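J.: Below is the file run.csv, with CSV, C-alpha atoms.
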chain,number,residue,atom,x,y,z
A,970,MET,CA,99.5,97.7,110.2
A,971,PRO,CA,102.1,96.0,107.9
A,972,LYS,CA,101.5,95.9,104.2
A,973,PRO,CA,100.5,92.5,102.8
A,974,THR,CA,103.4,90.6,101.1
A,975,PRO,CA,103.4,90.8,97.3
A,976,GLN,CA,102.3,87.2,97.1
A,977,ALA,CA,99.4,87.8,99.5
A,978,ARG,CA,98.4,90.9,97.6
A,979,ALA,CA,98.3,89.0,94.3
A,980,LEU,CA,96.1,86.3,95.8
A,981,ALA,CA,93.8,88.9,97.4
A,982,ASP,CA,93.4,90.8,94.1
A,983,GLY,CA,92.8,87.5,92.2
A,984,LEU,CA,90.1,86.4,94.6
A,985,ARG,CA,88.4,89.8,94.6
A,986,ALA,CA,88.4,89.8,90.8
A,987,ALA,CA,87.0,86.3,90.7
A,988,ARG,CA,84.1,87.2,93.0
A,989,LYS,CA,83.3,90.3,91.0
A,990,ALA,CA,83.2,88.3,87.8
A,991,THR,CA,80.4,86.2,89.3
A,992,ARG,CA,78.5,89.4,90.4
A,993,LEU,CA,78.3,88.1,94.0
A,994,ALA,CA,78.5,90.5,96.9
A,995,ALA,CA,80.8,89.6,99.8
A,996,THR,CA,77.8,89.1,102.0
A,997,GLU,CA,76.4,86.5,99.6
A,998,VAL,CA,79.7,84.6,99.5
A,999,ALA,CA,79.9,84.7,103.3
A,1000,ASP,CA,76.4,83.2,103.6
A,1001,LYS,CA,77.2,80.4,101.1
A,1002,LEU,CA,80.3,79.4,103.1
A,1003,ALA,CA,79.0,80.2,106.6
A,1004,TRP,CA,81.8,82.6,107.1
A,1005,SER,CA,81.7,86.2,108.4
A,1006,GLN,CA,81.7,89.0,106.0
A,1007,SER,CA,84.8,90.4,107.7
A,1008,THR,CA,86.7,87.2,106.8
A,1009,ILE,CA,85.9,87.7,103.1
A,1010,SER,CA,87.0,91.4,103.4
A,1011,ARG,CA,90.3,90.6,105.2
A,1012,ILE,CA,91.1,87.9,102.7
A,1013,GLU,CA,90.4,90.2,99.7
A,1014,THR,CA,92.6,92.9,101.1
A,1015,GLY,CA,95.5,90.6,102.0
A,1016,VAL,CA,95.3,91.4,105.7
A,1017,ARG,CA,94.4,87.8,106.5
A,1018,ALA,CA,96.3,84.9,104.9
A,1019,ALA,CA,94.0,82.4,103.2
A,1020,SER,CA,94.8,78.7,103.5
A,1021,ALA,CA,94.7,76.5,100.4
A,1022,GLU,CA,91.5,74.9,101.7
A,1023,GLU,CA,89.8,78.4,102.0
A,1024,VAL,CA,91.0,79.4,98.6
A,1025,SER,CA,89.7,76.1,97.1
A,1026,ALA,CA,86.3,76.8,98.8
A,1027,LEU,CA,86.1,80.3,97.4
A,1028,LEU,CA,87.0,79.2,93.9
A,1029,ALA,CA,84.4,76.5,94.0
A,1030,VAL,CA,81.8,79.2,94.7
A,1031,TYR,CA,83.2,81.4,91.9
A,1032,GLN,CA,83.3,78.4,89.5
A,1033,VAL,CA,87.0,79.1,88.7
A,1034,THR,CA,88.7,76.0,87.1
A,1035,GLY,CA,91.7,75.0,85.1
A,1036,GLU,CA,94.9,77.0,85.0
A,1037,ARG,CA,93.4,80.0,86.7
A,1038,ARG,CA,92.4,77.9,89.7
A,1039,GLU,CA,95.8,76.3,89.9
A,1040,ALA,CA,97.5,79.7,89.7
A,1041,LEU,CA,95.5,81.1,92.5
A,1042,LEU,CA,95.9,78.0,94.7
A,1043,SER,CA,99.7,78.2,94.2
A,1044,LEU,CA,99.6,81.7,95.7
A,1045,SER,CA,98.2,80.3,98.9
A,1046,ARG,CA,101.1,77.9,99.4
A,1047,ASP,CA,104.8,78.3,100.2
A,1048,SER,CA,104.7,82.0,101.1
A,1049,GLY,CA,108.3,83.0,101.8
A,1050,PRO,CA,110.7,85.9,101.9
A,1051,TRP,CA,110.3,86.5,98.1
A,1052,TRP,CA,107.8,85.7,95.4
A,1053,PHE,CA,109.0,84.2,92.2
A,1054,ALA,CA,106.3,83.6,89.6
A,1055,ASP,CA,105.0,84.2,86.1
A,1056,LEU,CA,104.3,87.8,84.9
A,1057,SER,CA,100.5,87.5,84.6
A,1058,PHE,CA,99.9,88.0,88.3
A,1059,GLN,CA,103.0,90.1,89.0
A,1060,ARG,CA,102.3,92.8,86.5
A,1061,GLU,CA,98.9,93.5,88.1
A,1062,THR,CA,100.4,93.5,91.6
A,1063,LEU,CA,103.2,95.8,90.5
A,1064,THR,CA,100.8,98.2,88.9
A,1065,GLN,CA,98.8,98.5,92.2
A,1066,TYR,CA,102.0,99.0,94.1
A,1067,GLU,CA,103.0,101.8,91.7
A,1068,LYS,CA,99.7,103.6,92.4
A,1069,GLU,CA,100.1,103.3,96.2
A,1070,ALA,CA,103.9,104.1,96.4
A,1071,THR,CA,105.0,107.5,97.7
A,1072,LYS,CA,108.2,107.2,95.6
A,1073,ILE,CA,109.4,104.9,92.8
A,1074,VAL,CA,113.0,104.4,91.8
A,1075,ALA,CA,113.7,102.5,88.5
A,1076,SER,CA,117.0,101.5,87.1
A,1077,GLY,CA,117.5,100.3,83.5
A,1078,SER,CA,120.8,98.9,82.2
A,1079,THR,CA,120.2,98.0,78.6
A,1080,LEU,CA,116.7,99.3,78.1
A,1081,VAL,CA,114.7,102.4,79.2
A,1082,PRO,CA,112.7,101.7,82.3
A,1083,ASP,CA,109.1,100.5,81.7
A,1084,LEU,CA,107.4,103.5,83.1
A,1085,LEU,CA,109.2,105.9,80.7
A,1086,ARG,CA,108.7,103.9,77.5
A,1087,THR,CA,106.6,105.1,74.6
A,1088,PRO,CA,104.1,102.6,73.1
A,1089,ALA,CA,106.3,102.1,70.0
A,1090,TYR,CA,109.4,101.5,72.1
A,1091,ALA,CA,107.6,99.1,74.4
A,1092,ARG,CA,106.3,97.0,71.5
A,1093,ALA,CA,109.8,96.9,69.9
A,1094,ALA,CA,111.4,95.9,73.2
A,1095,GLY,CA,108.9,93.1,73.6
A,1096,SER,CA,107.7,94.2,77.0
A,1097,GLY,CA,104.0,93.6,76.3
A,1098,GLU,CA,101.5,96.0,77.7
A,1099,ARG,CA,103.0,99.4,78.5
A,1100,ARG,CA,102.7,100.7,82.1
A,1101,LYS,CA,102.2,104.4,82.6
A,1102,LEU,CA,103.8,106.5,85.3
A,1103,PRO,CA,101.0,107.6,87.7
A,1104,GLU,CA,100.5,111.4,87.7
A,1105,HIS,CA,102.2,113.4,90.4
A,1106,LYS,CA,104.2,110.4,91.5
A,1107,ARG,CA,107.7,111.1,92.8
A,1108,PHE,CA,109.9,109.1,90.4
A,1109,VAL,CA,113.6,108.7,90.0
A,1110,ALA,CA,115.1,106.8,87.0
A,1111,TYR,CA,118.7,105.7,86.5
A,1112,ILE,CA,119.3,105.0,82.8
A,1113,ASP,CA,122.6,103.7,81.5
A,1114,GLU,CA,123.9,105.6,78.4
A,1115,ALA,CA,123.8,102.3,76.5
A,1116,ALA,CA,120.0,102.3,76.7
A,1117,LEU,CA,120.0,105.7,75.0
A,1118,ARG,CA,122.2,104.6,72.1
A,1119,ARG,CA,120.9,101.1,71.6
A,1120,GLN,CA,118.7,100.8,68.5
A,1121,ILE,CA,115.3,99.6,69.6
A,1122,GLY,CA,112.7,99.7,66.9
A,1123,GLY,CA,114.8,101.8,64.5
A,1124,PRO,CA,115.8,105.5,64.4
A,1125,PRO,CA,112.3,107.0,64.3
A,1126,VAL,CA,111.2,105.0,67.4
A,1127,MET,CA,114.4,105.8,69.3
A,1128,ALA,CA,114.1,109.5,68.4
A,1129,GLN,CA,110.6,109.6,69.7
A,1130,GLN,CA,111.6,107.7,72.8
A,1131,LEU,CA,114.5,110.1,73.6
A,1132,ARG,CA,112.3,113.2,73.1
A,1133,HIS,CA,109.7,111.6,75.4
A,1134,LEU,CA,112.4,111.3,78.1
A,1135,VAL,CA,113.2,115.0,77.8
A,1136,THR,CA,109.5,115.8,78.1
A,1137,MET,CA,109.1,113.6,81.2
A,1138,ALA,CA,112.1,115.2,82.8
A,1139,GLU,CA,110.2,118.5,82.7
A,1140,ARG,CA,107.8,117.2,85.3
A,1141,PRO,CA,108.7,118.5,88.8
A,1142,THR,CA,108.2,115.1,90.3
A,1143,VAL,CA,110.4,113.2,87.8
A,1144,GLU,CA,114.2,113.0,88.1
A,1145,LEU,CA,116.2,111.4,85.3
A,1146,ARG,CA,119.8,110.4,86.0
A,1147,VAL,CA,122.0,109.0,83.2
A,1148,ILE,CA,125.0,106.8,84.0
A,1149,PRO,CA,127.5,107.8,81.3
A,1150,PHE,CA,130.0,105.5,79.6
A,1151,ALA,CA,132.7,107.5,81.3
A,1152,ALA,CA,131.6,106.1,84.7
A,1153,GLY,CA,133.0,102.7,83.7
A,1154,ALA,CA,131.8,99.6,85.4
A,1155,HIS,CA,129.1,100.1,88.0
A,1156,PRO,CA,126.7,97.9,90.1
A,1157,GLY,CA,123.6,99.1,88.4
A,1158,ASP,CA,121.0,96.4,87.7
A,1159,ALA,CA,117.5,96.6,86.3
A,1160,TYR,CA,115.0,96.9,89.1
A,1161,VAL,CA,112.0,98.9,90.5
A,1162,LEU,CA,112.1,100.1,94.1
A,1163,LEU,CA,108.8,101.1,95.6
A,1164,GLU,CA,108.7,103.1,98.8
A,1165,PHE,CA,105.5,103.6,100.8
A,1166,GLY,CA,106.4,105.9,103.7
A,1167,ASP,CA,104.8,103.9,106.5
A,1168,ALA,CA,105.6,100.4,105.3
A,1169,THR,CA,108.6,98.3,104.2
A,1170,PRO,CA,109.7,99.1,100.7
A,1171,VAL,CA,109.4,96.5,98.0
A,1172,VAL,CA,111.8,95.6,95.1
A,1173,TYR,CA,110.7,94.1,91.8
A,1174,LEU,CA,113.1,92.3,89.5
A,1175,GLU,CA,111.8,91.2,86.1
A,1176,GLN,CA,113.1,88.6,83.7
A,1177,ARG,CA,111.8,87.6,80.2
A,1178,ARG,CA,109.1,85.2,81.4
A,1179,CYS,CA,108.9,85.7,85.2
A,1180,GLY,CA,109.7,88.1,87.9
A,1181,LEU,CA,110.8,88.3,91.5
A,1182,PHE,CA,109.5,90.4,94.4
A,1183,LEU,CA,111.7,91.1,97.4
A,1184,HIS,CA,110.1,92.4,100.6
A,1185,ARG,CA,112.2,91.4,103.6
A,1186,PRO,CA,114.2,94.5,104.9
A,1187,CYS,CA,117.5,92.6,104.6
A,1188,ASP,CA,116.8,91.9,100.9
A,1189,VAL,CA,115.6,95.4,100.2
A,1190,GLU,CA,118.3,97.3,102.0
A,1191,PRO,CA,121.0,96.9,99.3
A,1192,TYR,CA,118.8,98.7,96.9
A,1193,LEU,CA,118.1,101.5,99.3
A,1194,ARG,CA,121.9,101.9,99.7
A,1195,SER,CA,122.6,101.8,95.9
A,1196,THR,CA,125.9,103.4,94.9
A,1197,VAL,CA,124.6,104.2,91.4
A,1198,ASP,CA,123.8,107.7,92.5
A,1199,ALA,CA,127.5,108.5,92.9
A,1200,VAL,CA,128.3,107.7,89.3
A,1201,ALA,CA,125.2,109.1,87.6
A,1202,LEU,CA,125.0,112.6,86.1
A,1203,ASP,CA,122.8,115.2,87.8
A,1204,PRO,CA,119.4,115.8,86.2
A,1205,ALA,CA,120.4,118.8,84.2
A,1206,ARG,CA,123.5,117.2,82.7
A,1207,SER,CA,121.5,114.0,82.1
A,1208,VAL,CA,118.9,115.9,80.0
A,1209,ARG,CA,121.7,117.6,78.0
A,1210,LEU,CA,123.2,114.2,77.2
A,1211,ILE,CA,119.9,112.8,76.1
A,1212,GLU,CA,119.4,115.9,73.8
A,1213,SER,CA,122.9,115.4,72.4
A,1214,VAL,CA,122.1,111.8,71.5
A,1215,VAL,CA,118.9,113.0,69.7
A,1216,GLU,CA,120.9,115.5,67.7
A,1217,ALA,CA,123.4,112.9,66.8
A,1218,ARG,CA,120.8,110.5,65.5
A,1219,PRO,CA,121.1,111.3,61.7
A,1220,GLN,CA,124.8,110.6,61.8
A,1221,ARG,CA,124.3,107.3,63.6
A,1222,ARG,CA,121.7,106.3,61.1
A,1223,ASP,CA,124.3,106.8,58.3
A,1224,LEU,CA,126.9,104.9,60.3
A,1225,LEU,CA,124.6,101.9,60.9
A,1226,GLY,CA,123.4,101.9,57.3
A,1227,GLN,CA,119.8,102.6,58.2
Once more with this new file: its structure as structure tokens, please.
T.:
Amino acid sequence: MPKPTPQARALADGLRAARKATRLAATEVADKLAWSQSTISRIETGVRAASAEEVSALLAVYQVTGERREALLSLSRDSGPWWFADLSFQRETLTQYEKEATKIVASGSTLVPDLLRTPAYARAAGSGERRKLPEHKRFVAYIDEAALRRQIGGPPVMAQQLRHLVTMAERPTVELRVIPFAAGAHPGDAYVLLEFGDATPVVYLEQRRCGLFLHRPCDVEPYLRSTVDAVALDPARSVRLIESVVEARPQRRDLLGQ
């Protein structure tokens, strides 16, 4: 069975949360609308696409109004090969995908990838609520050397962040790959690739106020064939480079006048 699209998944999660907020059981909602319980279940799991009229009926039962209602209704319209929307829904959907994925690949160009950030670094980077890497999850991160040397939050925050990277690299399921300055120009972008084993992978691209999910095979394929691996250091050399940046921090602090 194909995995629901990111947009359908977000709508399903939003409708399920709205029902639970009213403390109504799925059977009670089905009775109120004269629908079958299986219809409610399939809508709430994203297996069955809900029309705008059906979503409107559900939201009337749940007494959802205002911006939240409009946001959920918008998810029932114009489903296409990608989903471009605000972060409020997408962060929740991304977190669920991260829990279900068999493998996560993250690439960071100017910043450390979200799942590897310390709380202090995440706050200083303005990324909002910090997401944690699920335990025992196979995770590969490509980090540009610029992200290791860029001052985010000041020297103490950066030193803590770099030490955290070294600690995370000790996990047997985590692989850190640093793209050194010596590699020159490379096609690395900031993205998260989520692989599920028995379903089509999904790619997430995040901007400051919105994000983009890609789920068509033709759109995901370029990320599966990424050439960044060819220019990145192996895990052992990557950790040594991170450690060398930590050791050089006092000198950099003098250089920057901090």
J.: Counting only C-alpha atoms, which residue out of A:Gln1065, A:Ser1010, A:Ser1213, A:Thr974 sits closest to Leu1044 in chain A?
T.: A:Thr974
J.: Hey, which of A:Arg1017, A:Arg988, A:His1105, A:Arg1119 ends up closest to Leu1080 in chain A? Count only C-alpha atoms.
T.: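 So, comparing all the options, the nearest one is A:Arg1119.
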J.: I'd like the neighbourhood of range 1098-1102 of chain A as a VMD selection string, where a residue qualifies if any of its atoms comes within 10 Å (using all atoms listed in the file), though same-chain residues fewer than 4 positions away should be ignored.
T.: chain A and resid 1060 1063 to 1064 1067 to 1068 1073 1083 to 1092 1106 to 1108 1137 1143
J.: Those residues with C-alpha atoms, as a CSV table (one decimal), in the coordinates of the input please?
T.:
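The resulting file, selection.csv, is shown below:
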chain,number,residue,atom,x,y,z
A,1060,ARG,CA,102.3,92.8,86.5
A,1063,LEU,CA,103.2,95.8,90.5
A,1064,THR,CA,100.8,98.2,88.9
A,1067,GLU,CA,103.0,101.8,91.7
A,1068,LYS,CA,99.7,103.6,92.4
A,1073,ILE,CA,109.4,104.9,92.8
A,1083,ASP,CA,109.1,100.5,81.7
A,1084,LEU,CA,107.4,103.5,83.1
A,1085,LEU,CA,109.2,105.9,80.7
A,1086,ARG,CA,108.7,103.9,77.5
A,1087,THR,CA,106.6,105.1,74.6
A,1088,PRO,CA,104.1,102.6,73.1
A,1089,ALA,CA,106.3,102.1,70.0
A,1090,TYR,CA,109.4,101.5,72.1
A,1091,ALA,CA,107.6,99.1,74.4
A,1092,ARG,CA,106.3,97.0,71.5
A,1106,LYS,CA,104.2,110.4,91.5
A,1107,ARG,CA,107.7,111.1,92.8
A,1108,PHE,CA,109.9,109.1,90.4
A,1137,MET,CA,109.1,113.6,81.2
A,1143,VAL,CA,110.4,113.2,87.8
J.: Excluding range 1161-1167 of chain A and residues on its chain fewer than 5 positions from it, collect all residues at most 8 Å away from it, counting all atoms listed in the file, and give them as an MDAnalysis selection string.
T.: chainID A and resid 1066:1067 1069:1076 1172:1174 1192
J.: Skip Pro973 in chain A itself and residues of its chain fewer than 6 positions away, then list as a PyMOL selection string all residues within 10 Å of it, counting only C-alpha atoms.
T.: chain A and resi 979+981+1014-1018+1168+1184
J.: Please write the residues from the selection above to a file, keeping C-alpha atoms, as a short mmCIF file (atom, residue, chain, number, x, y, z; two decimals), in the frame of the given file.
T.:
data_model
loop_
_atom_site.label_atom_id
_atom_site.label_comp_id
_atom_site.auth_asym_id
_atom_site.auth_seq_id
_atom_site.Cartn_x
_atom_site.Cartn_y
_atom_site.Cartn_z
CA ALA A 979 98.30 89.00 94.30
CA ALA A 981 93.80 88.90 97.40
CA THR A 1014 92.60 92.90 101.10
CA GLY A 1015 95.50 90.60 102.00
CA VAL A 1016 95.30 91.40 105.70
CA ARG A 1017 94.40 87.80 106.50
CA ALA A 1018 96.30 84.90 104.90
CA ALA A 1168 105.60 100.40 105.30
CA HIS A 1184 110.10 92.40 100.60
#
